[in-house]
Amino acid sequence: MSVMSLRLGKEEVDRISRLSKQKKEAKSEVVRGLLHDGWVFYWLKLYSEKKVSIGKMAEELDLSVNEVIDLLAEFGIESSILYDDYLLGFENLKTLDQVKG
């Protein structure tokens, strides 16, 4: 794990300290969690603004397309993938699996 030094304002430091006490976690753990959640939010926002595809979002979040679709649903963001396309994807996977098997 790498070490990074940041300059934070009093407000940010206070928020991290409060959250650390609330969650009973080390400040470094809290900051890593916030960075992760912020990264997810960033890609959710880009997707909702139609600036990235589900595939790109899945790649950047290191998730499957199915997991991204679930994440979008969790946050109430409609997926641009039609249900028929979704089912077709599963059929294509089955075909690929049979070819490899």
# chains A, B, ... in the order shown; residues from 1 in each chain; ligands from 1
call {"tool": "residues_around", "arguments": {"residues": "Lys50 in chain A", "least_positions_apart": "6", "cutoff": "12 Å", "atoms": "only C-alpha atoms", "output": "list in words"}}
result
Trp43, Leu44, Lys56, Met57, Ile77, Glu78, Ser79 and Ser80 of chain A
call {"tool": "write_last_selection", "arguments": {"atoms": "N, CA and C atoms", "output": "PDB file, in the first residue's frame"}}
result
ATOM      1  N   TRP A  43     -18.624   7.856 -11.052  1.00  0.00           N
ATOM      2  CA  TRP A  43     -19.031   7.098 -12.236  1.00  0.00           C
ATOM      3  C   TRP A  43     -20.545   7.013 -12.363  1.00  0.00           C
ATOM      4  N   LEU A  44     -21.276   6.955 -11.249  1.00  0.00           N
ATOM      5  CA  LEU A  44     -22.739   7.005 -11.293  1.00  0.00           C
ATOM      6  C   LEU A  44     -23.195   8.325 -11.911  1.00  0.00           C
ATOM      7  N   LYS A  56     -17.960   0.948 -19.806  1.00  0.00           N
ATOM      8  CA  LYS A  56     -16.850   1.760 -19.291  1.00  0.00           C
ATOM      9  C   LYS A  56     -16.947   1.880 -17.776  1.00  0.00           C
ATOM     10  N   MET A  57     -18.165   2.085 -17.283  1.00  0.00           N
ATOM     11  CA  MET A  57     -18.370   2.190 -15.842  1.00  0.00           C
ATOM     12  C   MET A  57     -17.981   0.886 -15.153  1.00  0.00           C
ATOM     13  N   ILE A  77     -31.174   4.861 -10.821  1.00  0.00           N
ATOM     14  CA  ILE A  77     -30.756   5.379 -12.121  1.00  0.00           C
ATOM     15  C   ILE A  77     -31.139   4.341 -13.179  1.00  0.00           C
ATOM     16  N   GLU A  78     -31.896   4.776 -14.165  1.00  0.00           N
ATOM     17  CA  GLU A  78     -32.326   3.846 -15.211  1.00  0.00           C
ATOM     18  C   GLU A  78     -31.170   3.462 -16.109  1.00  0.00           C
ATOM     19  N   SER A  79     -31.117   2.178 -16.428  1.00  0.00           N
ATOM     20  CA  SER A  79     -30.110   1.667 -17.337  1.00  0.00           C
ATOM     21  C   SER A  79     -30.575   1.884 -18.770  1.00  0.00           C
ATOM     22  N   SER A  80     -29.652   2.165 -19.643  1.00  0.00           N
ATOM     23  CA  SER A  80     -29.997   2.352 -21.053  1.00  0.00           C
ATOM     24  C   SER A  80     -30.082   1.015 -21.788  1.00  0.00           C
TER      25      SER A  80
END
call {"tool": "residues_around", "arguments": {"residues": "Ala58 in chain A", "least_positions_apart": "6", "cutoff": "8 Å", "atoms": "only C-alpha atoms", "output": "short mmCIF file (atom, residue, chain, number, x, y, z; two decimals) with N, CA and C atoms, in the first residue's frame"}}
result
data_model
loop_
_atom_site.label_atom_id
_atom_site.label_comp_id
_atom_site.auth_asym_id
_atom_site.auth_seq_id
_atom_site.Cartn_x
_atom_site.Cartn_y
_atom_site.Cartn_z
N SER A 64 -18.79 -6.41 -12.90
CA SER A 64 -19.41 -6.94 -14.11
C SER A 64 -20.53 -5.99 -14.54
N VAL A 65 -20.98 -6.13 -15.77
CA VAL A 65 -22.09 -5.30 -16.25
C VAL A 65 -23.32 -5.57 -15.40
N GLU A 67 -23.42 -6.37 -12.24
CA GLU A 67 -23.24 -5.67 -10.96
C GLU A 67 -23.48 -4.17 -11.13
N VAL A 68 -23.07 -3.62 -12.26
CA VAL A 68 -23.31 -2.20 -12.51
C VAL A 68 -24.81 -1.93 -12.66
#
call {"tool": "select_by_dssp", "arguments": {"residues": "range 19-94 of chain A", "states": "helix (DSSP H, G or I)", "output": "number ranges by chain"}}
result
A: 19-23, 27-48, 54-61, 65-74, 83-94
call {"tool": "closest_residue", "arguments": {"among": "A:Glu49, A:Glu12, A:Glu91, A:Asp62", "to": "His36 in chain A", "atoms": "only C-alpha atoms"}}
result
A:Asp62
call {"tool": "closest_residue", "arguments": {"among": "A:Thr95, A:Gly55, A:Leu34, A:Leu6", "to": "Leu19 in chain A", "atoms": "only C-alpha atoms"}}
result
A:Leu34
call {"tool": "closest_residue", "arguments": {"among": "A:Ala73, A:Gly9, A:Asp14, A:Leu61", "to": "Ser48 in chain A", "atoms": "only C-alpha atoms"}}
result
A:Ala73
call {"tool": "closest_residue", "arguments": {"among": "A:Ile16, A:Phe75, A:Glu59, A:Glu25", "to": "Lys45 in chain A", "atoms": "only C-alpha atoms"}}
result
A:Phe75
call {"tool": "closest_residue", "arguments": {"among": "A:Lys27, A:Met4, A:Val40, A:Gly33", "to": "Leu63 in chain A", "atoms": "only C-alpha atoms"}}
result
A:Val40
call {"tool": "decode", "arguments": {"residues": "range 15-63 of chain A", "atoms": "C-alpha atoms", "output": "PDB file, in the first residue's frame"}}
result
ATOM      1  CA  ARG A  15     -15.430  15.420   9.297  1.00  0.00           C
ATOM      2  CA  ILE A  16     -12.945  12.569   9.054  1.00  0.00           C
ATOM      3  CA  SER A  17     -12.415  12.609  12.822  1.00  0.00           C
ATOM      4  CA  ARG A  18     -16.164  12.590  13.539  1.00  0.00           C
ATOM      5  CA  LEU A  19     -16.782   9.758  11.094  1.00  0.00           C
ATOM      6  CA  SER A  20     -13.840   7.816  12.506  1.00  0.00           C
ATOM      7  CA  LYS A  21     -15.305   8.039  16.013  1.00  0.00           C
ATOM      8  CA  GLN A  22     -18.810   7.257  14.776  1.00  0.00           C
ATOM      9  CA  LYS A  23     -17.719   4.159  12.841  1.00  0.00           C
ATOM     10  CA  LYS A  24     -15.033   3.210  15.387  1.00  0.00           C
ATOM     11  CA  GLU A  25     -12.497   2.903  12.574  1.00  0.00           C
ATOM     12  CA  ALA A  26      -9.063   4.375  12.007  1.00  0.00           C
ATOM     13  CA  LYS A  27      -9.020   7.676  10.131  1.00  0.00           C
ATOM     14  CA  SER A  28      -7.069   6.080   7.284  1.00  0.00           C
ATOM     15  CA  GLU A  29      -9.783   3.425   6.878  1.00  0.00           C
ATOM     16  CA  VAL A  30     -12.473   6.103   6.864  1.00  0.00           C
ATOM     17  CA  VAL A  31     -10.639   8.109   4.203  1.00  0.00           C
ATOM     18  CA  ARG A  32     -10.147   5.007   2.010  1.00  0.00           C
ATOM     19  CA  GLY A  33     -13.863   4.245   2.329  1.00  0.00           C
ATOM     20  CA  LEU A  34     -14.796   7.799   1.402  1.00  0.00           C
ATOM     21  CA  LEU A  35     -12.475   7.705  -1.602  1.00  0.00           C
ATOM     22  CA  HIS A  36     -14.051   4.445  -2.757  1.00  0.00           C
ATOM     23  CA  ASP A  37     -17.584   5.789  -2.312  1.00  0.00           C
ATOM     24  CA  GLY A  38     -16.593   9.002  -4.084  1.00  0.00           C
ATOM     25  CA  TRP A  39     -15.178   7.004  -7.003  1.00  0.00           C
ATOM     26  CA  VAL A  40     -18.436   5.054  -7.306  1.00  0.00           C
ATOM     27  CA  PHE A  41     -20.465   8.282  -7.086  1.00  0.00           C
ATOM     28  CA  TYR A  42     -18.282   9.905  -9.754  1.00  0.00           C
ATOM     29  CA  TRP A  43     -19.031   7.098 -12.236  1.00  0.00           C
ATOM     30  CA  LEU A  44     -22.739   7.005 -11.293  1.00  0.00           C
ATOM     31  CA  LYS A  45     -22.906  10.726 -12.019  1.00  0.00           C
ATOM     32  CA  LEU A  46     -21.116  10.390 -15.359  1.00  0.00           C
ATOM     33  CA  TYR A  47     -23.440   7.563 -16.370  1.00  0.00           C
ATOM     34  CA  SER A  48     -26.571   9.443 -15.322  1.00  0.00           C
ATOM     35  CA  GLU A  49     -25.369  12.387 -17.446  1.00  0.00           C
ATOM     36  CA  LYS A  50     -24.943   9.950 -20.375  1.00  0.00           C
ATOM     37  CA  LYS A  51     -21.216  10.673 -20.551  1.00  0.00           C
ATOM     38  CA  VAL A  52     -20.056   7.041 -20.200  1.00  0.00           C
ATOM     39  CA  SER A  53     -21.382   3.614 -21.100  1.00  0.00           C
ATOM     40  CA  ILE A  54     -22.252   0.829 -18.701  1.00  0.00           C
ATOM     41  CA  GLY A  55     -19.259  -1.077 -20.066  1.00  0.00           C
ATOM     42  CA  LYS A  56     -16.850   1.760 -19.291  1.00  0.00           C
ATOM     43  CA  MET A  57     -18.370   2.190 -15.842  1.00  0.00           C
ATOM     44  CA  ALA A  58     -18.035  -1.544 -15.168  1.00  0.00           C
ATOM     45  CA  GLU A  59     -14.403  -1.439 -16.271  1.00  0.00           C
ATOM     46  CA  GLU A  60     -13.533   1.554 -14.083  1.00  0.00           C
ATOM     47  CA  LEU A  61     -15.323   0.138 -11.019  1.00  0.00           C
ATOM     48  CA  ASP A  62     -13.929  -3.356 -11.629  1.00  0.00           C
ATOM     49  CA  LEU A  63     -17.466  -4.793 -11.684  1.00  0.00           C
TER      50      LEU A  63
END
